[in-house]
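Engineer: First the structure, then my questions, so here it is.
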Amino acid sequence: VFDNTCYNGSGNQSYTVTNLHINKGDMIYHEVDCGTNNTGAEIYWKPVITYTEIEQEFDPTRKEYEKTDAYTNSNGLQGHDGWYFMYKDSKGAYIDMTWTDNKFKGIGGESVNEHFIVPGYDTPTVVGWKAPYTGTVTLTAQDNTVYRDGPNPTGENVICLLYTSDAAD
């Protein structure tokens, strides 16, 4: 989605991914990795996921849903409404964050609150959504902007990725 060209507030980036087919159980990941530099790496990134349910080949009653509440999970439950808050360990495995001080936090300093994804030092932070149905998905950013906030104006080493993974992976 963007890389180290994203500056504090002035380097807003937009994205729209349309007609992405997903199967029930697939994950859509929003990953922020600041590498070895975590100075001010707060990334405002509220994903919006609009999907059309197609459990069967053709179903005239299929429904369209919009998921915009990735960071408003105030109950601290992993998987609530399909959202998961994770970090990657040194082997690349996803580890669920825990609910502490009204935010999801990992053990390396990374966290997710209602405003920002904050990656830890050399530890990618991930917000994931698990598809409850097979269907077609459109992905955008809330208000069509993604930006970095913090004291380091160069945004060096910060990379944000958007990708999907088959449930079988």
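Residues in the structure tokens are named by chain (A, B, ... in the order shown) and by number from 1 within that chain; ligands are numbered from 1 in the order shown.
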When you look at stretch 104-111 of chain A with a cut-off of 9 Å (counting only C-alpha atoms), what residues show up, excluding the ones that are within fewer than 5 positions of it in the same chain? I need them as an MDAnalysis selection string.

Structural biologist: chainID A and resid 76 85:87 95:99 116:125

Engineer: If we count only C-alpha atoms and set the cut-off at 12 Å, which residues sit around A:Gly82, ignoring sequence neighbours fewer than 3 positions away in its own chain? Please answer as an mmCIF file with all heavy atoms, in the first residue's frame.

Structural biologist:
data_model
loop_
_atom_site.group_PDB
_atom_site.id
_atom_site.type_symbol
_atom_site.label_atom_id
_atom_site.label_comp_id
_atom_site.auth_asym_id
_atom_site.auth_seq_id
_atom_site.Cartn_x
_atom_site.Cartn_y
_atom_site.Cartn_z
ATOM 1 N N LYS A 24 -14.741 -18.615 2.178
ATOM 2 C CA LYS A 24 -15.001 -18.641 3.608
ATOM 3 C C LYS A 24 -13.756 -19.125 4.345
ATOM 4 O O LYS A 24 -13.156 -20.130 3.972
ATOM 5 C CB LYS A 24 -16.175 -19.571 3.899
ATOM 6 C CG LYS A 24 -16.552 -19.661 5.360
ATOM 7 C CD LYS A 24 -17.762 -20.549 5.540
ATOM 8 C CE LYS A 24 -18.151 -20.641 7.014
ATOM 9 N NZ LYS A 24 -19.358 -21.474 7.199
ATOM 10 N N GLY A 25 -13.332 -18.373 5.371
ATOM 11 C CA GLY A 25 -12.156 -18.734 6.144
ATOM 12 C C GLY A 25 -10.878 -18.073 5.699
ATOM 13 O O GLY A 25 -9.875 -18.114 6.408
ATOM 14 N N ASP A 26 -10.880 -17.451 4.501
ATOM 15 C CA ASP A 26 -9.696 -16.709 4.066
ATOM 16 C C ASP A 26 -9.467 -15.522 4.993
ATOM 17 O O ASP A 26 -10.400 -14.984 5.584
ATOM 18 C CB ASP A 26 -9.869 -16.183 2.640
ATOM 19 C CG ASP A 26 -9.730 -17.263 1.581
ATOM 20 O OD1 ASP A 26 -9.346 -18.381 1.931
ATOM 21 O OD2 ASP A 26 -10.018 -16.960 0.409
ATOM 22 N N MET A 27 -8.206 -15.102 5.100
ATOM 23 C CA MET A 27 -7.859 -13.935 5.905
ATOM 24 C C MET A 27 -7.402 -12.806 4.996
ATOM 25 O O MET A 27 -6.714 -13.045 4.002
ATOM 26 C CB MET A 27 -6.729 -14.268 6.876
ATOM 27 C CG MET A 27 -7.115 -15.205 7.993
ATOM 28 S SD MET A 27 -8.164 -14.458 9.262
ATOM 29 C CE MET A 27 -7.002 -13.331 10.034
ATOM 30 N N ILE A 28 -7.787 -11.589 5.340
ATOM 31 C CA ILE A 28 -7.270 -10.384 4.698
ATOM 32 C C ILE A 28 -6.413 -9.690 5.746
ATOM 33 O O ILE A 28 -6.889 -9.351 6.829
ATOM 34 C CB ILE A 28 -8.402 -9.461 4.232
ATOM 35 C CG1 ILE A 28 -9.246 -10.165 3.169
ATOM 36 C CG2 ILE A 28 -7.839 -8.151 3.683
ATOM 37 C CD1 ILE A 28 -10.486 -9.412 2.761
ATOM 38 N N TYR A 29 -5.133 -9.506 5.431
ATOM 39 C CA TYR A 29 -4.187 -8.954 6.387
ATOM 40 C C TYR A 29 -3.814 -7.524 6.039
ATOM 41 O O TYR A 29 -3.611 -7.191 4.875
ATOM 42 C CB TYR A 29 -2.898 -9.785 6.410
ATOM 43 C CG TYR A 29 -3.088 -11.214 6.845
ATOM 44 C CD1 TYR A 29 -3.117 -12.236 5.912
ATOM 45 C CD2 TYR A 29 -3.230 -11.528 8.184
ATOM 46 C CE1 TYR A 29 -3.279 -13.553 6.312
ATOM 47 C CE2 TYR A 29 -3.384 -12.841 8.595
ATOM 48 C CZ TYR A 29 -3.417 -13.863 7.657
ATOM 49 O OH TYR A 29 -3.582 -15.160 8.056
ATOM 50 N N ILE A 49 -13.950 -2.935 4.608
ATOM 51 C CA ILE A 49 -14.144 -4.125 3.794
ATOM 52 C C ILE A 49 -15.624 -4.239 3.457
ATOM 53 O O ILE A 49 -16.460 -4.338 4.347
ATOM 54 C CB ILE A 49 -13.686 -5.394 4.544
ATOM 55 C CG1 ILE A 49 -12.192 -5.295 4.892
ATOM 56 C CG2 ILE A 49 -13.986 -6.655 3.725
ATOM 57 C CD1 ILE A 49 -11.688 -6.415 5.779
ATOM 58 N N GLU A 66 -20.693 -4.282 5.147
ATOM 59 C CA GLU A 66 -19.534 -3.409 5.227
ATOM 60 C C GLU A 66 -18.944 -3.505 6.620
ATOM 61 O O GLU A 66 -19.654 -3.382 7.614
ATOM 62 C CB GLU A 66 -19.913 -1.960 4.924
ATOM 63 C CG GLU A 66 -18.702 -1.044 4.840
ATOM 64 C CD GLU A 66 -19.039 0.321 4.287
ATOM 65 O OE1 GLU A 66 -19.395 1.196 5.082
ATOM 66 O OE2 GLU A 66 -18.959 0.498 3.055
ATOM 67 N N LYS A 67 -17.642 -3.743 6.679
ATOM 68 C CA LYS A 67 -16.938 -3.879 7.949
ATOM 69 C C LYS A 67 -16.043 -2.666 8.128
ATOM 70 O O LYS A 67 -15.061 -2.499 7.405
ATOM 71 C CB LYS A 67 -16.083 -5.149 7.971
ATOM 72 C CG LYS A 67 -16.774 -6.401 7.445
ATOM 73 C CD LYS A 67 -18.060 -6.718 8.149
ATOM 74 C CE LYS A 67 -17.834 -7.087 9.582
ATOM 75 N NZ LYS A 67 -19.095 -7.304 10.316
ATOM 76 N N THR A 68 -16.367 -1.817 9.079
ATOM 77 C CA THR A 68 -15.576 -0.599 9.281
ATOM 78 C C THR A 68 -15.111 -0.448 10.724
ATOM 79 O O THR A 68 -14.653 0.609 11.114
ATOM 80 C CB THR A 68 -16.395 0.645 8.912
ATOM 81 O OG1 THR A 68 -17.562 0.687 9.749
ATOM 82 C CG2 THR A 68 -16.806 0.622 7.456
ATOM 83 N N ASP A 69 -15.223 -1.491 11.509
ATOM 84 C CA ASP A 69 -14.994 -1.366 12.940
ATOM 85 C C ASP A 69 -13.727 -2.077 13.404
ATOM 86 O O ASP A 69 -13.661 -2.605 14.499
ATOM 87 C CB ASP A 69 -16.191 -1.902 13.711
ATOM 88 C CG ASP A 69 -16.563 -3.330 13.305
ATOM 89 O OD1 ASP A 69 -15.958 -3.852 12.345
ATOM 90 O OD2 ASP A 69 -17.436 -3.922 13.943
ATOM 91 N N ALA A 70 -12.684 -2.052 12.584
ATOM 92 C CA ALA A 70 -11.479 -2.806 12.926
ATOM 93 C C ALA A 70 -10.856 -2.355 14.237
ATOM 94 O O ALA A 70 -10.300 -3.168 14.961
ATOM 95 C CB ALA A 70 -10.442 -2.682 11.809
ATOM 96 N N TYR A 71 -10.933 -1.068 14.560
ATOM 97 C CA TYR A 71 -10.253 -0.588 15.766
ATOM 98 C C TYR A 71 -11.207 -0.214 16.891
ATOM 99 O O TYR A 71 -10.813 0.363 17.871
ATOM 100 C CB TYR A 71 -9.403 0.644 15.449
ATOM 101 C CG TYR A 71 -8.324 0.404 14.433
ATOM 102 C CD1 TYR A 71 -7.702 1.467 13.829
ATOM 103 C CD2 TYR A 71 -7.926 -0.875 14.084
ATOM 104 C CE1 TYR A 71 -6.708 1.265 12.886
ATOM 105 C CE2 TYR A 71 -6.944 -1.082 13.148
ATOM 106 C CZ TYR A 71 -6.341 -0.011 12.548
ATOM 107 O OH TYR A 71 -5.361 -0.198 11.625
ATOM 108 N N ASN A 73 -13.054 -2.338 18.646
ATOM 109 C CA ASN A 73 -13.370 -3.546 19.397
ATOM 110 C C ASN A 73 -13.043 -3.314 20.872
ATOM 111 O O ASN A 73 -12.006 -3.717 21.359
ATOM 112 C CB ASN A 73 -12.569 -4.717 18.825
ATOM 113 C CG ASN A 73 -12.863 -6.012 19.530
ATOM 114 O OD1 ASN A 73 -13.693 -6.073 20.422
ATOM 115 N ND2 ASN A 73 -12.165 -7.050 19.138
ATOM 116 N N LEU A 77 -12.049 -8.884 22.652
ATOM 117 C CA LEU A 77 -12.163 -10.272 22.222
ATOM 118 C C LEU A 77 -11.534 -10.457 20.852
ATOM 119 O O LEU A 77 -11.933 -9.799 19.894
ATOM 120 C CB LEU A 77 -13.632 -10.712 22.167
ATOM 121 C CG LEU A 77 -14.391 -10.743 23.489
ATOM 122 C CD1 LEU A 77 -15.858 -11.107 23.240
ATOM 123 C CD2 LEU A 77 -13.750 -11.743 24.438
ATOM 124 N N GLN A 78 -10.561 -11.338 20.756
ATOM 125 C CA GLN A 78 -9.993 -11.676 19.453
ATOM 126 C C GLN A 78 -11.062 -12.356 18.608
ATOM 127 O O GLN A 78 -11.819 -13.193 19.092
ATOM 128 C CB GLN A 78 -8.790 -12.611 19.611
ATOM 129 C CG GLN A 78 -7.547 -11.924 20.100
ATOM 130 C CD GLN A 78 -6.863 -11.117 19.000
ATOM 131 O OE1 GLN A 78 -7.402 -10.900 17.929
ATOM 132 N NE2 GLN A 78 -5.659 -10.671 19.288
ATOM 133 N N GLY A 79 -11.139 -11.986 17.329
ATOM 134 C CA GLY A 79 -12.096 -12.592 16.426
ATOM 135 C C GLY A 79 -13.470 -11.962 16.471
ATOM 136 O O GLY A 79 -14.363 -12.390 15.745
ATOM 137 N N PHE A 85 -6.126 -9.218 15.862
ATOM 138 C CA PHE A 85 -5.037 -8.273 16.081
ATOM 139 C C PHE A 85 -3.809 -9.072 16.480
ATOM 140 O O PHE A 85 -3.813 -9.750 17.513
ATOM 141 C CB PHE A 85 -5.429 -7.262 17.162
ATOM 142 C CG PHE A 85 -6.707 -6.544 16.819
ATOM 143 C CD1 PHE A 85 -7.946 -7.086 17.141
ATOM 144 C CD2 PHE A 85 -6.680 -5.343 16.136
ATOM 145 C CE1 PHE A 85 -9.126 -6.438 16.798
ATOM 146 C CE2 PHE A 85 -7.856 -4.685 15.788
ATOM 147 C CZ PHE A 85 -9.083 -5.236 16.124
ATOM 148 N N VAL A 127 -3.377 -6.404 11.421
ATOM 149 C CA VAL A 127 -4.810 -6.441 11.657
ATOM 150 C C VAL A 127 -5.382 -7.347 10.579
ATOM 151 O O VAL A 127 -5.170 -7.120 9.389
ATOM 152 C CB VAL A 127 -5.437 -5.039 11.559
ATOM 153 C CG1 VAL A 127 -6.953 -5.128 11.705
ATOM 154 C CG2 VAL A 127 -4.858 -4.118 12.610
ATOM 155 N N GLY A 128 -6.079 -8.390 10.999
ATOM 156 C CA GLY A 128 -6.610 -9.346 10.028
ATOM 157 C C GLY A 128 -8.115 -9.479 10.149
ATOM 158 O O GLY A 128 -8.694 -9.303 11.225
ATOM 159 N N TRP A 129 -8.766 -9.766 9.028
ATOM 160 C CA TRP A 129 -10.204 -10.026 9.018
ATOM 161 C C TRP A 129 -10.447 -11.378 8.363
ATOM 162 O O TRP A 129 -9.925 -11.650 7.279
ATOM 163 C CB TRP A 129 -10.933 -8.922 8.251
ATOM 164 C CG TRP A 129 -12.420 -9.125 8.206
ATOM 165 C CD1 TRP A 129 -13.311 -8.943 9.219
ATOM 166 C CD2 TRP A 129 -13.178 -9.575 7.078
ATOM 167 N NE1 TRP A 129 -14.579 -9.245 8.788
ATOM 168 C CE2 TRP A 129 -14.528 -9.625 7.490
ATOM 169 C CE3 TRP A 129 -12.843 -9.922 5.767
ATOM 170 C CZ2 TRP A 129 -15.553 -10.015 6.623
ATOM 171 C CZ3 TRP A 129 -13.847 -10.317 4.903
ATOM 172 C CH2 TRP A 129 -15.194 -10.356 5.334
ATOM 173 N N LYS A 130 -11.202 -12.218 9.050
ATOM 174 C CA LYS A 130 -11.489 -13.563 8.554
ATOM 175 C C LYS A 130 -12.858 -13.582 7.898
ATOM 176 O O LYS A 130 -13.866 -13.239 8.518
ATOM 177 C CB LYS A 130 -11.451 -14.558 9.710
ATOM 178 C CG LYS A 130 -11.595 -15.999 9.282
ATOM 179 C CD LYS A 130 -11.412 -16.923 10.475
ATOM 180 C CE LYS A 130 -11.470 -18.372 10.064
ATOM 181 N NZ LYS A 130 -11.279 -19.264 11.246
ATOM 182 N N ALA A 131 -12.897 -13.982 6.629
ATOM 183 C CA ALA A 131 -14.147 -13.963 5.865
ATOM 184 C C ALA A 131 -15.124 -15.011 6.390
ATOM 185 O O ALA A 131 -14.793 -16.198 6.446
ATOM 186 C CB ALA A 131 -13.857 -14.224 4.393
ATOM 187 N N PRO A 132 -16.342 -14.598 6.767
ATOM 188 C CA PRO A 132 -17.327 -15.568 7.252
ATOM 189 C C PRO A 132 -18.075 -16.275 6.134
ATOM 190 O O PRO A 132 -18.734 -17.271 6.358
ATOM 191 C CB PRO A 132 -18.285 -14.698 8.077
ATOM 192 C CG PRO A 132 -18.225 -13.367 7.400
ATOM 193 C CD PRO A 132 -16.818 -13.223 6.889
ATOM 194 N N TYR A 133 -17.982 -15.740 4.914
ATOM 195 C CA TYR A 133 -18.667 -16.307 3.759
ATOM 196 C C TYR A 133 -17.757 -16.248 2.546
ATOM 197 O O TYR A 133 -16.821 -15.451 2.495
ATOM 198 C CB TYR A 133 -19.944 -15.521 3.417
ATOM 199 C CG TYR A 133 -20.936 -15.425 4.543
ATOM 200 C CD1 TYR A 133 -21.070 -14.249 5.269
ATOM 201 C CD2 TYR A 133 -21.752 -16.508 4.877
ATOM 202 C CE1 TYR A 133 -21.978 -14.148 6.304
ATOM 203 C CE2 TYR A 133 -22.661 -16.417 5.909
ATOM 204 C CZ TYR A 133 -22.777 -15.241 6.622
ATOM 205 O OH TYR A 133 -23.683 -15.150 7.648
#

Engineer: According to DSSP computed on the backbone, where in stretch 12-165 of chain A is there strand (DSSP E)? Give the residues as a PyMOL selection string.

Structural biologist: chain A and resi 16-22+27-33+42-44+47-53+64-67+83-88+94-96+98-100+103-105+111-112+117-118+125-130+135-141+147-149+159-165

Engineer: Excluding same-chain residues fewer than 2 positions from A:Val146, what lies within 8 Å of it counting only C-alpha atoms, as a PDB file with C-alpha atoms, in the first residue's frame?

Structural biologist:
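The result, written out as result_39.pdb:
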ATOM      1  CA  ASN A  12      -1.414  10.337   2.663  1.00  0.00           C
ATOM      2  CA  GLN A  13      -1.960   7.325   0.465  1.00  0.00           C
ATOM      3  CA  SER A  14      -5.150   5.858  -0.957  1.00  0.00           C
ATOM      4  CA  ILE A  43       0.078   4.359  11.264  1.00  0.00           C
ATOM      5  CA  TYR A  44      -3.518   5.512  10.945  1.00  0.00           C
ATOM      6  CA  TRP A  45      -5.106   2.781   8.860  1.00  0.00           C
ATOM      7  CA  LYS A  46      -8.750   1.877   9.351  1.00  0.00           C
ATOM      8  CA  ALA A 141      -9.095   2.835   3.537  1.00  0.00           C
ATOM      9  CA  GLN A 142     -11.480   4.789   5.736  1.00  0.00           C
ATOM     10  CA  ASN A 144      -9.493   6.993   1.490  1.00  0.00           C
ATOM     11  CA  ARG A 148       1.867   8.036   9.427  1.00  0.00           C
TER      12      ARG A 148
END

Engineer: Near A:Val137, within 6 Å and counting only C-alpha atoms, which residues show up once chain neighbours fewer than 6 positions away are dropped, as a list of chain:residue names?

Structural biologist: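 Residues meeting the cut-off are A:Asn19, A:Leu20, A:Thr50, A:Tyr51.
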
Engineer: Mind dumping the selected residues with all heavy atoms as a PDB file, in the first residue's frame?

Structural biologist:
ATOM      1  N   ASN A  19     -13.338  -6.325  -6.666  1.00  0.00           N
ATOM      2  CA  ASN A  19     -13.621  -7.638  -7.255  1.00  0.00           C
ATOM      3  C   ASN A  19     -12.629  -8.712  -6.824  1.00  0.00           C
ATOM      4  O   ASN A  19     -12.212  -9.544  -7.625  1.00  0.00           O
ATOM      5  CB  ASN A  19     -13.669  -7.540  -8.791  1.00  0.00           C
ATOM      6  CG  ASN A  19     -14.809  -6.662  -9.257  1.00  0.00           C
ATOM      7  OD1 ASN A  19     -15.903  -6.711  -8.707  1.00  0.00           O
ATOM      8  ND2 ASN A  19     -14.549  -5.847 -10.256  1.00  0.00           N
ATOM      9  N   LEU A  20     -12.245  -8.685  -5.571  1.00  0.00           N
ATOM     10  CA  LEU A  20     -11.356  -9.702  -5.027  1.00  0.00           C
ATOM     11  C   LEU A  20     -12.205 -10.852  -4.497  1.00  0.00           C
ATOM     12  O   LEU A  20     -13.019 -10.672  -3.596  1.00  0.00           O
ATOM     13  CB  LEU A  20     -10.508  -9.116  -3.889  1.00  0.00           C
ATOM     14  CG  LEU A  20      -9.596 -10.081  -3.154  1.00  0.00           C
ATOM     15  CD1 LEU A  20      -8.524 -10.618  -4.081  1.00  0.00           C
ATOM     16  CD2 LEU A  20      -8.977  -9.393  -1.940  1.00  0.00           C
ATOM     17  N   THR A  50     -15.935  -4.182   2.176  1.00  0.00           N
ATOM     18  CA  THR A  50     -17.302  -4.388   1.719  1.00  0.00           C
ATOM     19  C   THR A  50     -17.334  -5.716   0.981  1.00  0.00           C
ATOM     20  O   THR A  50     -16.533  -5.935   0.079  1.00  0.00           O
ATOM     21  CB  THR A  50     -17.744  -3.258   0.772  1.00  0.00           C
ATOM     22  OG1 THR A  50     -17.560  -2.006   1.419  1.00  0.00           O
ATOM     23  CG2 THR A  50     -19.206  -3.415   0.384  1.00  0.00           C
ATOM     24  N   TYR A  51     -18.224  -6.595   1.384  1.00  0.00           N
ATOM     25  CA  TYR A  51     -18.245  -7.884   0.704  1.00  0.00           C
ATOM     26  C   TYR A  51     -19.670  -8.331   0.422  1.00  0.00           C
ATOM     27  O   TYR A  51     -20.611  -7.981   1.132  1.00  0.00           O
ATOM     28  CB  TYR A  51     -17.494  -8.941   1.497  1.00  0.00           C
ATOM     29  CG  TYR A  51     -18.137  -9.380   2.800  1.00  0.00           C
ATOM     30  CD1 TYR A  51     -18.850 -10.569   2.887  1.00  0.00           C
ATOM     31  CD2 TYR A  51     -17.994  -8.603   3.943  1.00  0.00           C
ATOM     32  CE1 TYR A  51     -19.408 -10.964   4.089  1.00  0.00           C
ATOM     33  CE2 TYR A  51     -18.546  -8.998   5.141  1.00  0.00           C
ATOM     34  CZ  TYR A  51     -19.263 -10.178   5.213  1.00  0.00           C
ATOM     35  OH  TYR A  51     -19.822 -10.555   6.396  1.00  0.00           O
TER      36      TYR A  51
END

Engineer: I need the residue nearest A:Val126 from this list: A:Val112, A:His80, A:Asn23, A:Tyr15. Use only C-alpha atoms for the distance.

Structural biologist: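 Checking each candidate against A:Val126, we get A:Val112 as the closest.
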
Engineer: Return the single residue from A:Lys103, A:Trp83, A:Tyr147, A:Leu139 that is closest to A:Tyr163, with distances computed using only C-alpha atoms.

Structural biologist: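 Smallest separation from A:Tyr163 among the options: A:Leu139.
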
Engineer: What does the distance between atom CA of A:Asp81 and atom CA of A:Ile159 come to in Å, to one decimal place?

Structural biologist: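 For atom CA of A:Asp81 relative to atom CA of A:Ile159, the distance reads 26.5 Å.
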
Engineer: Measure the distance from atom CA of A:Asn113 to atom CA of A:Val48 in Å and round it to one decimal.

Structural biologist: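 Those two atoms sit 16.1 Å apart.
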